[in-house]
Structures are given as structure tokens and as C-alpha cells.
>>> print(open('start.cif').read())   # mmCIF, C-alpha atoms
data_structure
#
loop_
_atom_site.group_PDB
_atom_site.id
_atom_site.type_symbol
_atom_site.label_atom_id
_atom_site.label_comp_id
_atom_site.auth_asym_id
_atom_site.auth_seq_id
_atom_site.Cartn_x
_atom_site.Cartn_y
_atom_site.Cartn_z
ATOM 1 C CA MET A 1 54.228 52.356 99.446
ATOM 2 C CA LYS A 2 57.792 51.109 98.988
ATOM 3 C CA GLN A 3 58.657 51.764 102.617
ATOM 4 C CA LYS A 4 55.479 50.017 103.769
ATOM 5 C CA CYS A 5 56.269 47.049 101.546
ATOM 6 C CA TYR A 6 59.813 46.881 102.898
ATOM 7 C CA ILE A 7 58.639 46.964 106.503
ATOM 8 C CA TRP A 8 55.897 44.396 105.896
ATOM 9 C CA GLY A 9 58.195 42.024 104.016
ATOM 10 C CA THR A 10 61.262 42.130 106.255
ATOM 11 C CA ARG A 11 59.766 42.413 109.743
ATOM 12 C CA LEU A 12 60.228 39.299 111.890
ATOM 13 C CA LYS A 13 57.731 38.681 114.675
ATOM 14 C CA GLU A 14 58.145 36.521 117.766
ATOM 15 C CA ASP A 15 55.269 35.078 119.790
ATOM 16 C CA ALA A 16 55.100 34.441 123.526
ATOM 17 C CA ASP A 17 56.627 30.995 123.069
ATOM 18 C CA GLY A 18 59.639 32.352 121.211
ATOM 19 C CA ASN A 19 58.511 31.149 117.770
ATOM 20 C CA THR A 20 59.080 33.441 114.795
ATOM 21 C CA ASN A 21 57.395 33.874 111.449
ATOM 22 C CA GLU A 22 60.668 33.398 109.499
ATOM 23 C CA TYR A 23 59.255 30.438 107.526
ATOM 24 C CA GLU A 24 56.049 32.214 106.491
ATOM 25 C CA HIS A 25 55.486 31.980 102.734
ATOM 26 C CA MET A 26 55.768 35.457 101.238
ATOM 27 C CA CYS A 27 56.114 35.323 97.478
ATOM 28 C CA THR A 28 55.822 33.028 94.445
ATOM 29 C CA LEU A 29 57.560 34.256 91.305
ATOM 30 C CA ILE A 30 56.349 32.583 88.128
ATOM 31 C CA ALA A 31 59.374 32.185 85.861
ATOM 32 C CA GLN A 32 60.505 28.974 84.189
ATOM 33 C CA ASP A 33 59.099 27.378 87.364
ATOM 34 C CA GLU A 34 57.692 28.634 90.663
ATOM 35 C CA HIS A 35 60.370 30.382 92.745
ATOM 36 C CA LEU A 36 59.229 30.499 96.376
ATOM 37 C CA LEU A 37 60.432 33.006 98.948
ATOM 38 C CA ILE A 38 59.800 32.917 102.692
ATOM 39 C CA ARG A 39 60.071 35.762 105.163
ATOM 40 C CA MET A 40 63.593 34.696 106.120
ATOM 41 C CA HIS A 41 64.696 35.526 102.554
ATOM 42 C CA LEU A 42 63.125 38.985 102.684
ATOM 43 C CA ALA A 43 64.419 39.608 106.210
ATOM 44 C CA SER A 44 67.967 39.247 104.875
ATOM 45 C CA LEU A 45 67.409 42.671 103.266
ATOM 46 C CA GLN A 46 67.421 44.242 106.721
ATOM 47 C CA ALA A 47 70.232 46.559 107.721
ATOM 48 C CA LYS A 48 73.752 45.116 107.858
ATOM 49 C CA SER A 49 72.511 41.630 106.926
ATOM 50 C CA ASP A 50 74.074 39.172 104.507
ATOM 51 C CA ILE A 51 71.583 38.634 101.693
ATOM 52 C CA GLU A 52 70.131 35.186 101.073
ATOM 53 C CA SER A 53 70.739 33.422 97.767
ATOM 54 C CA GLY A 54 66.978 33.265 97.159
ATOM 55 C CA ILE A 55 66.882 37.067 96.824
ATOM 56 C CA VAL A 56 69.693 37.098 94.246
ATOM 57 C CA SER A 57 67.947 34.319 92.299
ATOM 58 C CA ALA A 58 64.705 36.304 92.361
ATOM 59 C CA ILE A 59 66.401 39.395 90.935
ATOM 60 C CA CYS A 60 67.976 37.278 88.175
ATOM 61 C CA LEU A 61 64.547 35.937 87.211
ATOM 62 C CA ILE A 62 62.985 39.409 87.269
ATOM 63 C CA LEU A 63 65.749 40.964 85.152
ATOM 64 C CA ASN A 64 65.544 38.151 82.593
ATOM 65 C CA GLN A 65 61.844 38.884 82.113
ATOM 66 C CA LYS A 66 62.275 42.635 81.570
ATOM 67 C CA ASN A 67 61.034 43.762 78.184
ATOM 68 C CA GLU A 68 64.298 45.448 77.233
ATOM 69 C CA LYS A 69 66.780 44.685 74.473
ATOM 70 C CA ARG A 70 69.512 44.373 77.114
ATOM 71 C CA PHE A 71 67.912 41.293 78.674
ATOM 72 C CA GLN A 72 65.905 39.952 75.743
ATOM 73 C CA GLU A 73 68.812 39.875 73.279
ATOM 74 C CA GLN A 74 72.142 40.618 74.964
ATOM 75 C CA ILE A 75 72.476 39.592 78.626
ATOM 76 C CA TYR A 76 71.245 36.510 80.439
ATOM 77 C CA CYS A 77 71.433 36.520 84.249
ATOM 78 C CA LEU A 78 72.079 32.961 85.388
ATOM 79 C CA PRO A 79 70.371 32.165 88.727
ATOM 80 C CA PRO A 80 73.089 31.140 91.198
ATOM 81 C CA ASP A 81 71.501 28.046 92.757
ATOM 82 C CA ILE A 82 73.246 25.253 90.848
ATOM 83 C CA VAL A 83 76.649 26.951 90.948
ATOM 84 C CA ASN A 84 76.419 27.679 94.677
ATOM 85 C CA MET A 85 75.266 24.140 95.457
ATOM 86 C CA ALA A 86 78.076 22.737 93.328
ATOM 87 C CA LEU A 87 80.590 24.831 95.284
ATOM 88 C CA SER A 88 79.089 23.476 98.498
ATOM 89 C CA ASP A 89 79.549 19.918 97.212
ATOM 90 C CA HIS A 90 83.047 20.650 95.884
ATOM 91 C CA PRO A 91 84.720 22.701 98.655
ATOM 92 C CA ASN A 92 87.962 24.462 97.791
ATOM 93 C CA GLY A 93 87.157 23.904 94.117
ATOM 94 C CA GLU A 94 87.916 20.187 94.190
ATOM 95 C CA PHE A 95 86.806 18.608 90.911
ATOM 96 C CA ILE A 96 86.050 15.316 92.671
ATOM 97 C CA SER A 97 83.459 15.918 95.378
ATOM 98 C CA PRO A 98 84.527 14.576 98.797
ATOM 99 C CA LYS A 99 80.816 14.040 99.525
ATOM 100 C CA THR A 100 79.970 11.895 96.490
ATOM 101 C CA ASN A 101 83.418 10.986 95.108
ATOM 102 C CA LYS A 102 82.094 12.113 91.700
ATOM 103 C CA GLU A 103 82.669 14.958 89.275
ATOM 104 C CA PHE A 104 80.106 17.716 88.804
ATOM 105 C CA ARG A 105 77.027 16.825 86.735
ATOM 106 C CA VAL A 106 74.184 19.245 86.014
ATOM 107 C CA GLU A 107 71.767 16.329 86.227
ATOM 108 C CA ASP A 108 72.538 15.933 89.939
ATOM 109 C CA TYR A 109 70.662 19.169 90.696
ATOM 110 C CA PRO A 110 67.174 18.451 89.307
ATOM 111 C CA SER A 111 65.290 20.883 91.580
ATOM 112 C CA PHE A 112 67.196 23.867 90.147
ATOM 113 C CA ILE A 113 67.326 22.876 86.463
ATOM 114 C CA PRO A 114 63.802 24.218 85.702
ATOM 115 C CA PHE A 115 64.988 27.759 86.504
ATOM 116 C CA ILE A 116 67.540 27.741 83.684
ATOM 117 C CA ASP A 117 66.337 29.376 80.481
ATOM 118 C CA ALA A 118 68.226 27.138 78.040
ATOM 119 C CA LYS A 119 67.349 29.277 75.017
ATOM 120 C CA LYS A 120 68.755 32.498 76.498
ATOM 121 C CA LEU A 121 71.726 30.716 78.046
ATOM 122 C CA THR A 122 72.865 29.607 74.604
ATOM 123 C CA SER A 123 71.688 32.534 72.442
ATOM 124 C CA HIS A 124 72.760 35.640 74.373
ATOM 125 C CA PRO A 125 76.313 36.947 73.815
ATOM 126 C CA TYR A 126 76.827 37.727 77.508
ATOM 127 C CA ILE A 127 76.053 35.813 80.689
ATOM 128 C CA PHE A 128 76.074 37.476 84.098
ATOM 129 C CA ALA A 129 76.492 34.800 86.771
ATOM 130 C CA PRO A 130 76.452 35.624 90.518
ATOM 131 C CA VAL A 131 78.562 33.356 92.726
ATOM 132 C CA CYS A 132 78.643 33.026 96.518
ATOM 133 C CA TYR A 133 81.364 31.180 98.419
ATOM 134 C CA SER A 134 82.278 31.421 102.104
ATOM 135 C CA GLY A 135 79.650 34.123 102.579
ATOM 136 C CA HIS A 136 80.990 36.434 99.853
ATOM 137 C CA TRP A 137 79.323 37.292 96.525
ATOM 138 C CA TRP A 138 81.048 38.189 93.278
ATOM 139 C CA LEU A 139 79.959 38.344 89.632
ATOM 140 C CA TRP A 140 81.169 36.474 86.568
ATOM 141 C CA LEU A 141 80.811 37.982 83.111
ATOM 142 C CA ILE A 142 81.018 35.339 80.400
ATOM 143 C CA ASP A 143 81.526 36.530 76.837
ATOM 144 C CA THR A 144 80.113 33.543 74.946
ATOM 145 C CA THR A 145 81.241 34.915 71.571
ATOM 146 C CA LYS A 146 84.910 35.363 72.471
ATOM 147 C CA ARG A 147 84.866 32.560 75.063
ATOM 148 C CA ARG A 148 86.319 34.847 77.708
ATOM 149 C CA CYS A 149 85.490 35.142 81.399
ATOM 150 C CA HIS A 150 85.835 38.173 83.655
ATOM 151 C CA ILE A 151 85.264 38.532 87.399
ATOM 152 C CA LEU A 152 83.843 41.620 89.069
ATOM 153 C CA ASP A 153 84.421 41.330 92.807
ATOM 154 C CA PRO A 154 83.159 44.032 95.211
ATOM 155 C CA LEU A 155 86.113 43.390 97.548
ATOM 156 C CA HIS A 156 89.009 42.073 95.480
ATOM 157 C CA LYS A 157 90.985 43.207 92.427
ATOM 158 C CA LYS A 158 92.603 39.757 92.154
ATOM 159 C CA ALA A 159 92.060 36.300 93.576
ATOM 160 C CA PRO A 160 92.747 36.599 97.332
ATOM 161 C CA GLY A 161 94.693 33.350 97.563
ATOM 162 C CA GLU A 162 95.262 29.911 96.091
ATOM 163 C CA GLU A 163 91.952 28.576 97.357
ATOM 164 C CA ARG A 164 90.007 31.228 95.448
ATOM 165 C CA LYS A 165 92.020 30.462 92.293
ATOM 166 C CA LYS A 166 90.959 26.816 92.570
ATOM 167 C CA VAL A 167 87.358 27.830 93.269
ATOM 168 C CA ASN A 168 87.356 30.087 90.204
ATOM 169 C CA LYS A 169 88.763 27.363 87.976
ATOM 170 C CA PHE A 170 86.111 24.890 89.136
ATOM 171 C CA THR A 171 83.385 27.540 88.789
ATOM 172 C CA GLY A 172 84.381 28.210 85.187
ATOM 173 C CA TYR A 173 84.072 24.492 84.497
ATOM 174 C CA VAL A 174 80.573 24.475 86.031
ATOM 175 C CA PHE A 175 79.502 27.353 83.784
ATOM 176 C CA SER A 176 80.857 25.549 80.733
ATOM 177 C CA ARG A 177 78.965 22.380 81.700
ATOM 178 C CA LEU A 178 75.745 24.358 82.192
ATOM 179 C CA ILE A 179 76.056 25.926 78.733
ATOM 180 C CA THR A 180 76.739 22.523 77.211
ATOM 181 C CA TYR A 181 73.780 21.005 79.067
ATOM 182 C CA ALA A 182 71.558 23.732 77.570
ATOM 183 C CA GLY A 183 72.734 22.807 74.069
ATOM 184 C CA GLY A 184 75.567 25.282 73.542
ATOM 185 C CA GLU A 185 79.280 24.928 72.930
ATOM 186 C CA PRO A 186 81.631 24.468 75.923
ATOM 187 C CA LEU A 187 83.894 27.357 76.860
ATOM 188 C CA LYS A 188 86.903 25.082 76.266
ATOM 189 C CA LYS A 189 87.204 21.703 74.581
ATOM 190 C CA GLY A 190 88.142 18.425 76.234
ATOM 191 C CA GLU A 191 90.371 18.448 79.315
ATOM 192 C CA LYS A 192 91.074 22.173 78.809
ATOM 193 C CA GLU A 193 87.532 22.756 80.040
ATOM 194 C CA LYS A 194 88.964 22.221 83.536
ATOM 195 C CA GLU A 195 91.515 24.986 82.992
ATOM 196 C CA ILE A 196 89.216 27.881 82.168
ATOM 197 C CA LYS A 197 90.874 31.169 83.101
ATOM 198 C CA SER A 198 89.107 34.251 84.401
ATOM 199 C CA SER A 199 90.538 37.758 84.664
ATOM 200 C CA TYR A 200 89.650 40.168 87.452
ATOM 201 C CA VAL A 201 88.251 43.565 86.487
ATOM 202 C CA LYS A 202 89.329 46.633 88.456
ATOM 203 C CA ILE A 203 86.163 48.356 89.597
ATOM 204 C CA SER A 204 85.005 50.580 92.462
ATOM 205 C CA ASP A 205 84.114 48.439 95.425
ATOM 206 C CA GLN A 206 81.909 48.153 98.488
ATOM 207 C CA LYS A 207 82.653 50.107 101.647
ATOM 208 C CA SER A 208 81.088 47.644 104.116
ATOM 209 C CA SER A 209 81.475 43.935 104.807
ATOM 210 C CA TYR A 210 77.844 43.019 104.094
ATOM 211 C CA ASP A 211 76.850 44.709 100.806
ATOM 212 C CA CYS A 212 78.511 42.383 98.278
ATOM 213 C CA ALA A 213 75.198 40.936 97.041
ATOM 214 C CA ILE A 214 73.776 44.456 96.590
ATOM 215 C CA TYR A 215 76.685 45.369 94.319
ATOM 216 C CA VAL A 216 76.361 42.137 92.348
ATOM 217 C CA MET A 217 72.628 42.620 91.747
ATOM 218 C CA LYS A 218 73.065 46.268 90.725
ATOM 219 C CA TRP A 219 75.977 45.435 88.428
ATOM 220 C CA MET A 220 73.832 42.874 86.611
ATOM 221 C CA GLU A 221 71.271 45.574 86.027
ATOM 222 C CA LEU A 222 73.628 48.358 84.935
ATOM 223 C CA ILE A 223 77.069 47.181 83.777
ATOM 224 C CA GLU A 224 77.679 47.404 80.018
ATOM 225 C CA PRO A 225 79.725 44.252 79.349
ATOM 226 C CA GLU A 226 81.061 45.411 75.981
ATOM 227 C CA ASN A 227 82.798 48.300 77.776
ATOM 228 C CA ILE A 228 84.965 46.048 79.916
ATOM 229 C CA LYS A 229 88.416 46.495 78.427
ATOM 230 C CA ASN A 230 91.982 46.181 79.642
ATOM 231 C CA GLY A 231 90.900 44.706 82.949
ATOM 232 C CA LYS A 232 89.113 47.770 84.302
ATOM 233 C CA TYR A 233 85.707 49.431 84.269
ATOM 234 C CA GLU A 234 85.167 53.140 84.855
ATOM 235 C CA TRP A 235 82.455 53.394 87.464
ATOM 236 C CA ASP A 236 81.235 56.139 89.766
ATOM 237 C CA ASN A 237 80.676 54.365 93.050
ATOM 238 C CA TRP A 238 77.496 54.912 95.061
ATOM 239 C CA PRO A 239 77.480 56.709 98.424
ATOM 240 C CA GLN A 240 76.725 54.337 101.308
ATOM 241 C CA GLU A 241 73.264 55.790 101.947
ATOM 242 C CA GLU A 242 72.302 54.949 98.372
ATOM 243 C CA VAL A 243 73.547 51.381 98.764
ATOM 244 C CA ASP A 244 71.546 51.140 102.001
ATOM 245 C CA HIS A 245 68.391 52.258 100.221
ATOM 246 C CA TYR A 246 68.783 49.582 97.516
ATOM 247 C CA ARG A 247 67.639 47.100 100.159
ATOM 248 C CA VAL A 248 64.294 48.898 100.264
ATOM 249 C CA GLU A 249 64.141 48.953 96.462
ATOM 250 C CA TYR A 250 64.826 45.227 96.084
ATOM 251 C CA ALA A 251 62.165 44.231 98.593
ATOM 252 C CA SER A 252 59.482 46.231 96.793
ATOM 253 C CA ARG A 253 60.728 45.179 93.354
ATOM 254 C CA ILE A 254 60.359 41.499 94.231
ATOM 255 C CA LEU A 255 57.078 41.713 96.134
ATOM 256 C CA PHE A 256 55.395 44.117 93.685
ATOM 257 C CA SER A 257 56.620 42.249 90.624
ATOM 258 C CA GLU A 258 53.977 41.202 88.117
ATOM 259 C CA MET A 259 55.654 37.777 88.279
ATOM 260 C CA ASN A 260 54.590 37.473 91.932
ATOM 261 C CA LYS A 261 51.485 35.310 92.212
ATOM 262 C CA GLU A 262 50.734 36.869 95.629
ATOM 263 C CA ARG A 263 51.166 40.460 94.433
ATOM 264 C CA ASP A 264 47.625 41.504 95.420
ATOM 265 C CA ARG A 265 48.188 40.223 98.946
ATOM 266 C CA THR A 266 51.454 42.178 99.143
ATOM 267 C CA ILE A 267 49.738 45.409 98.122
ATOM 268 C CA ARG A 268 46.807 44.849 100.484
ATOM 269 C CA GLU A 269 48.838 43.922 103.565
ATOM 270 C CA SER A 270 51.573 46.486 102.940
ATOM 271 C CA ASN A 271 48.964 49.197 102.628
ATOM 272 C CA ALA A 272 47.454 48.142 105.969
ATOM 273 C CA ILE A 273 50.602 49.318 107.762
ATOM 274 C CA ARG A 274 50.208 52.709 109.408
ATOM 275 C CA LEU A 275 53.322 54.724 110.206
ATOM 276 C CA SER A 276 52.648 57.074 113.094
ATOM 277 C CA LYS A 277 55.690 59.184 112.214
ATOM 278 C CA PRO A 278 55.954 59.401 108.413
ATOM 279 C CA SER A 279 59.445 60.550 107.537
ATOM 280 C CA SER A 280 61.988 60.212 104.748
ATOM 281 C CA VAL A 281 64.331 58.613 107.274
ATOM 282 C CA LEU A 282 62.026 55.589 107.301
ATOM 283 C CA LEU A 283 63.154 54.856 103.756
ATOM 284 C CA SER A 284 66.538 53.873 105.137
ATOM 285 C CA PRO A 285 66.883 50.250 106.227
ATOM 286 C CA PHE A 286 69.069 51.565 109.055
ATOM 287 C CA TYR A 287 66.002 53.080 110.699
ATOM 288 C CA GLN A 288 64.907 50.682 113.445
ATOM 289 C CA ILE A 289 61.161 50.084 113.373
ATOM 290 C CA ASN A 290 59.315 49.216 116.599
ATOM 291 C CA SER A 291 55.727 48.903 117.768
ATOM 292 C CA ALA A 292 55.508 52.620 118.488
ATOM 293 C CA ASP A 293 56.034 53.365 114.794
ATOM 294 C CA ILE A 294 53.743 50.751 113.241
ATOM 295 C CA GLU A 295 50.097 49.885 113.510
ATOM 296 C CA THR A 296 48.239 47.395 111.351
ATOM 297 C CA ALA A 297 44.634 47.810 110.372
#
>>> encode(input="start.cif", output="C-alpha cells")
Amino acid sequence: MKQKCYIWGTRLKEDADGNTNEYEHMCTLIAQDEHLLIRMHLASLQAKSDIESGIVSAICLILNQKNEKRFQEQIYCLPPDIVNMALSDHPNGEFISPKTNKEFRVEDYPSFIPFIDAKKLTSHPYIFAPVCYSGHWWLWLIDTTKRRCHILDPLHKKAPGEERKKVNKFTGYVFSRLITYAGGEPLKKGEKEKEIKSSYVKISDQKSSYDCAIYVMKWMELIEPENIKNGKYEWDNWPQEEVDHYRVEYASRILFSEMNKERDRTIRESNAIRLSKPSSVLLSPFYQINSADIETA
């Protein structure tokens, strides 16, 4: 069923006029608000594709709703929308936006505010916050008790240049402002809030150029933040075929989620797919599906 769901959710179709179904509505997750996903979001889980921000946001919302102590009492996964939009408005980490000539304000992003769980953002000792800039994803770990920030980057063991250092400093400020907006204490007081430092954690990294979001989503699910010490984290890295298969897992996890208002439709239409050559190789997103392999009832 997972492979059928993956194929149904990620397969793009083109009609005789060259139009595709990339904007077809696929999923509505009911969280703090309705999080909508279209087929273009799901299609980004195809092989060797860069994953859309909407997928990472969806996984954050799903993890936050899990009935586990880890997510109900300890870790809050902050959806990346406001941070990523702020970085778009403040390129190179400039505190004054060249677009608006203003500093960052949470209130300027009203469409994304409803997806912030203010209670968890201010009550949980750890915040996992995915960040995407220039097409690359990395993960912030914010220890709200000790007021410390760590970065887990699937490609880098340190900031890869002055621009990234400026981006990180601005990003830390955005996180502090978000916590304050939710009713918590800032990470730093006064003007020092613009000088928030973040240390890079040495951790096993990705082997491809397109899997950074996969690593970030899996780290949110599995990393034990209290074990991050001395700037490193002991981690047995996944073989590439396992990383590839996570794309299948994330598609089914989102579409089969009990938070998905269209879950029944997903099950019905996924089940209608007939694979003429059932095989374990089909579980890999690197298997190319064509009309000879699929029939729909």
C-alpha cells in the first residue's frame, strides 16, 4: 500500500495540450490551521529531487501531534515557513530588508502565524527548527533552558563562508523573535539579540546533493538533543538505499495521516493502482514507473 500511495501521490501527468496536474489539490492536514499540499509538493519526493518546503512543514506538524513524550513534553518542531520567508526578504542575513527597508517582524507574516503552536514553542525545553537557504536545508537545535543554539548541517561541519555566518546570525534573531511573540523569553536581551551565536555539531552527513531535507526530517524524528555534547553527535549513517526509501515513507506518512482530511480518498485512489510487475524494487523511488507498469481501475 505504501508503494501504491507513493506512486499515486508523486506521479505527474501531462495532457495532449502539455498541461500537467502539478497544481491538483492532494492533501489537507488539520493542525493549528489547514495545511494544504498540492501534487507539486508530493512530486518533490521523486528520485533525486529537491524537496519542497511544504513537505518539511507537513512533517513538522505530524511529529508535533504524535502522542509521545518526546513531542508532547520535550521537543517542538517549528514549521519552517516564517523563517524561510524571512530569509527570502532579508537576503545574505541583512537585518534591514532591501525589499521593505524594515527589520523583521513576526506580524508581517500573518498567513503562517496560525501554524505556530505558541504553547509548545514556549513550554518545551528543545526546539528543532528546519531552515532552507539557497536550496540547502539544515537543522537548528535550540536549547531554551540553557539559551544555546546548535546547527546540524548534512553537508557542513562549520559555516561555509561569511555569508552563511550572517545568515545564521539573522536566523537566530528570527527564532528569538518568534519565541518572544509566542510569549516566551528572548534568547538574548536587548541589542545582543542580534548577536546570537550558534555552534556547528559534527555529525555524519549526506552522500548526495539532493537529500538534505530527508536528513533534516529524520533528525527531527530521531536525534536525542540532550546527547549533543562537545560539538559532536555519534551517529551511524544510513546507507543510500535507505535514504532513498525514506521518500516513499514520507509520502505515505503524510497522505495516510489521520490529520489528513482527504485520507479516505488517498486510500481509495491509491488502492485503485494496479502494478503489473509487483516487486520489491518498486519500493525504491529510483525505479522509473511508466504506463506499462501501472493501470488504474
>>> residues_around(input="start.cif", residues="stretch 180-190 of chain A", least_positions_apart="4", cutoff="8 Å", atoms="all atoms listed in the file", output="MDAnalysis selection string")
chainID A and resid 106 118:119 121:122 144 147:148 176 196
>>> write_last_selection(input="start.cif", atoms="C-alpha atoms", output="short mmCIF file (atom, residue, chain, number, x, y, z; two decimals), in the coordinates of the input")
data_model
loop_
_atom_site.label_atom_id
_atom_site.label_comp_id
_atom_site.auth_asym_id
_atom_site.auth_seq_id
_atom_site.Cartn_x
_atom_site.Cartn_y
_atom_site.Cartn_z
CA VAL A 106 74.18 19.24 86.01
CA ALA A 118 68.23 27.14 78.04
CA LYS A 119 67.35 29.28 75.02
CA LEU A 121 71.73 30.72 78.05
CA THR A 122 72.86 29.61 74.60
CA THR A 144 80.11 33.54 74.95
CA ARG A 147 84.87 32.56 75.06
CA ARG A 148 86.32 34.85 77.71
CA SER A 176 80.86 25.55 80.73
CA ILE A 196 89.22 27.88 82.17
#
>>> closest_residue(input="start.cif", among="A:His90, A:Lys169, A:Arg70, A:Arg247", to="A:Lys120", atoms="only C-alpha atoms")
A:Arg70
>>> closest_atom_pairs(input="start.cif", of="stretch 75-141 of chain A", to="stretch 215-234 of chain A", cutoff="8 Å", atoms="only C-alpha atoms", output="Markdown table")
| residue | atom | partner | partner_atom | distance |
| --- | --- | --- | --- | --- |
| A:Cys77 | CA | A:Met220 | CA | 7.2 |
| A:Tyr126 | CA | A:Pro225 | CA | 7.4 |
| A:Phe128 | CA | A:Met220 | CA | 6.4 |
| A:Pro130 | CA | A:Val216 | CA | 6.8 |
| A:Trp137 | CA | A:Val216 | CA | 7.0 |
| A:Trp138 | CA | A:Val216 | CA | 6.2 |
| A:Leu139 | CA | A:Val216 | CA | 5.9 |
| A:Leu141 | CA | A:Pro225 | CA | 7.4 |
>>> resolve_selection(input="start.cif", expression="the PyMOL selection byres ((chain A and resi 235-244) around 8)", output="list in words")
Ala47, Ile203, Ser204, Asp205, Lys207, Asp211, Ile214, Tyr233, Glu234, His245, Tyr246, Arg247, Val248, Ser284, Pro285 and Phe286 of chain A
>>> atom_distance(input="start.cif", atom1="atom CA of A:Cys27", atom2="atom CA of A:Ile254")
8.2 Å
>>> residues_around(input="start.cif", residues="A:Phe256", least_positions_apart="2", cutoff="12 Å", atoms="all atoms listed in the file", output="PyMOL selection string")
chain A and resi 1-2+4-6+9+26-29+62+249-254+258-270
>>> resolve_selection(input="start.cif", expression="the PyMOL selection byres ((chain A and resi 66) around 12)", output="PyMOL selection string")
chain A and resi 31+59-65+67-73+75-77+221+257-259
>>> atom_distance(input="start.cif", atom1="atom CA of A:Thr100", atom2="atom CA of A:Lys197")
25.9 Å
>>> atom_distance(input="start.cif", atom1="atom CA of A:Arg39", atom2="atom CA of A:Ile127")
29.2 Å
>>> closest_residue(input="start.cif", among="A:Ser57, A:Pro91, A:Leu12, A:Val83", to="A:Asp108", atoms="only C-alpha atoms")
A:Val83
>>> closest_residue(input="start.cif", among="A:Ala86, A:Val174, A:Leu42, A:Ile30", to="A:Ile7", atoms="all atoms listed in the file")
A:Leu42
>>> resolve_selection(input="start.cif", expression="the PyMOL selection byres ((chain A and resi 95) around 12)", output="ChimeraX atom specification")
/A:86-94,96-105,166-174,193-195
>>> closest_residue(input="start.cif", among="A:Ser53, A:Ser111, A:Ser123, A:Thr145", to="A:Gln32", atoms="all atoms listed in the file")
A:Ser111
>>> axis_aligned_box(input="start.cif", around="stretch 105-118 of chain A", padding_each_side="4 Å", output="JSON")
{"center_x": 70.4, "center_y": 22.7, "center_z": 84.8, "size_x": 21.2, "size_y": 21.4, "size_z": 21.5}
>>> closest_residue(input="start.cif", among="A:His156, A:His150, A:His124, A:Lys13", to="A:Cys212", atoms="only C-alpha atoms")
A:His156
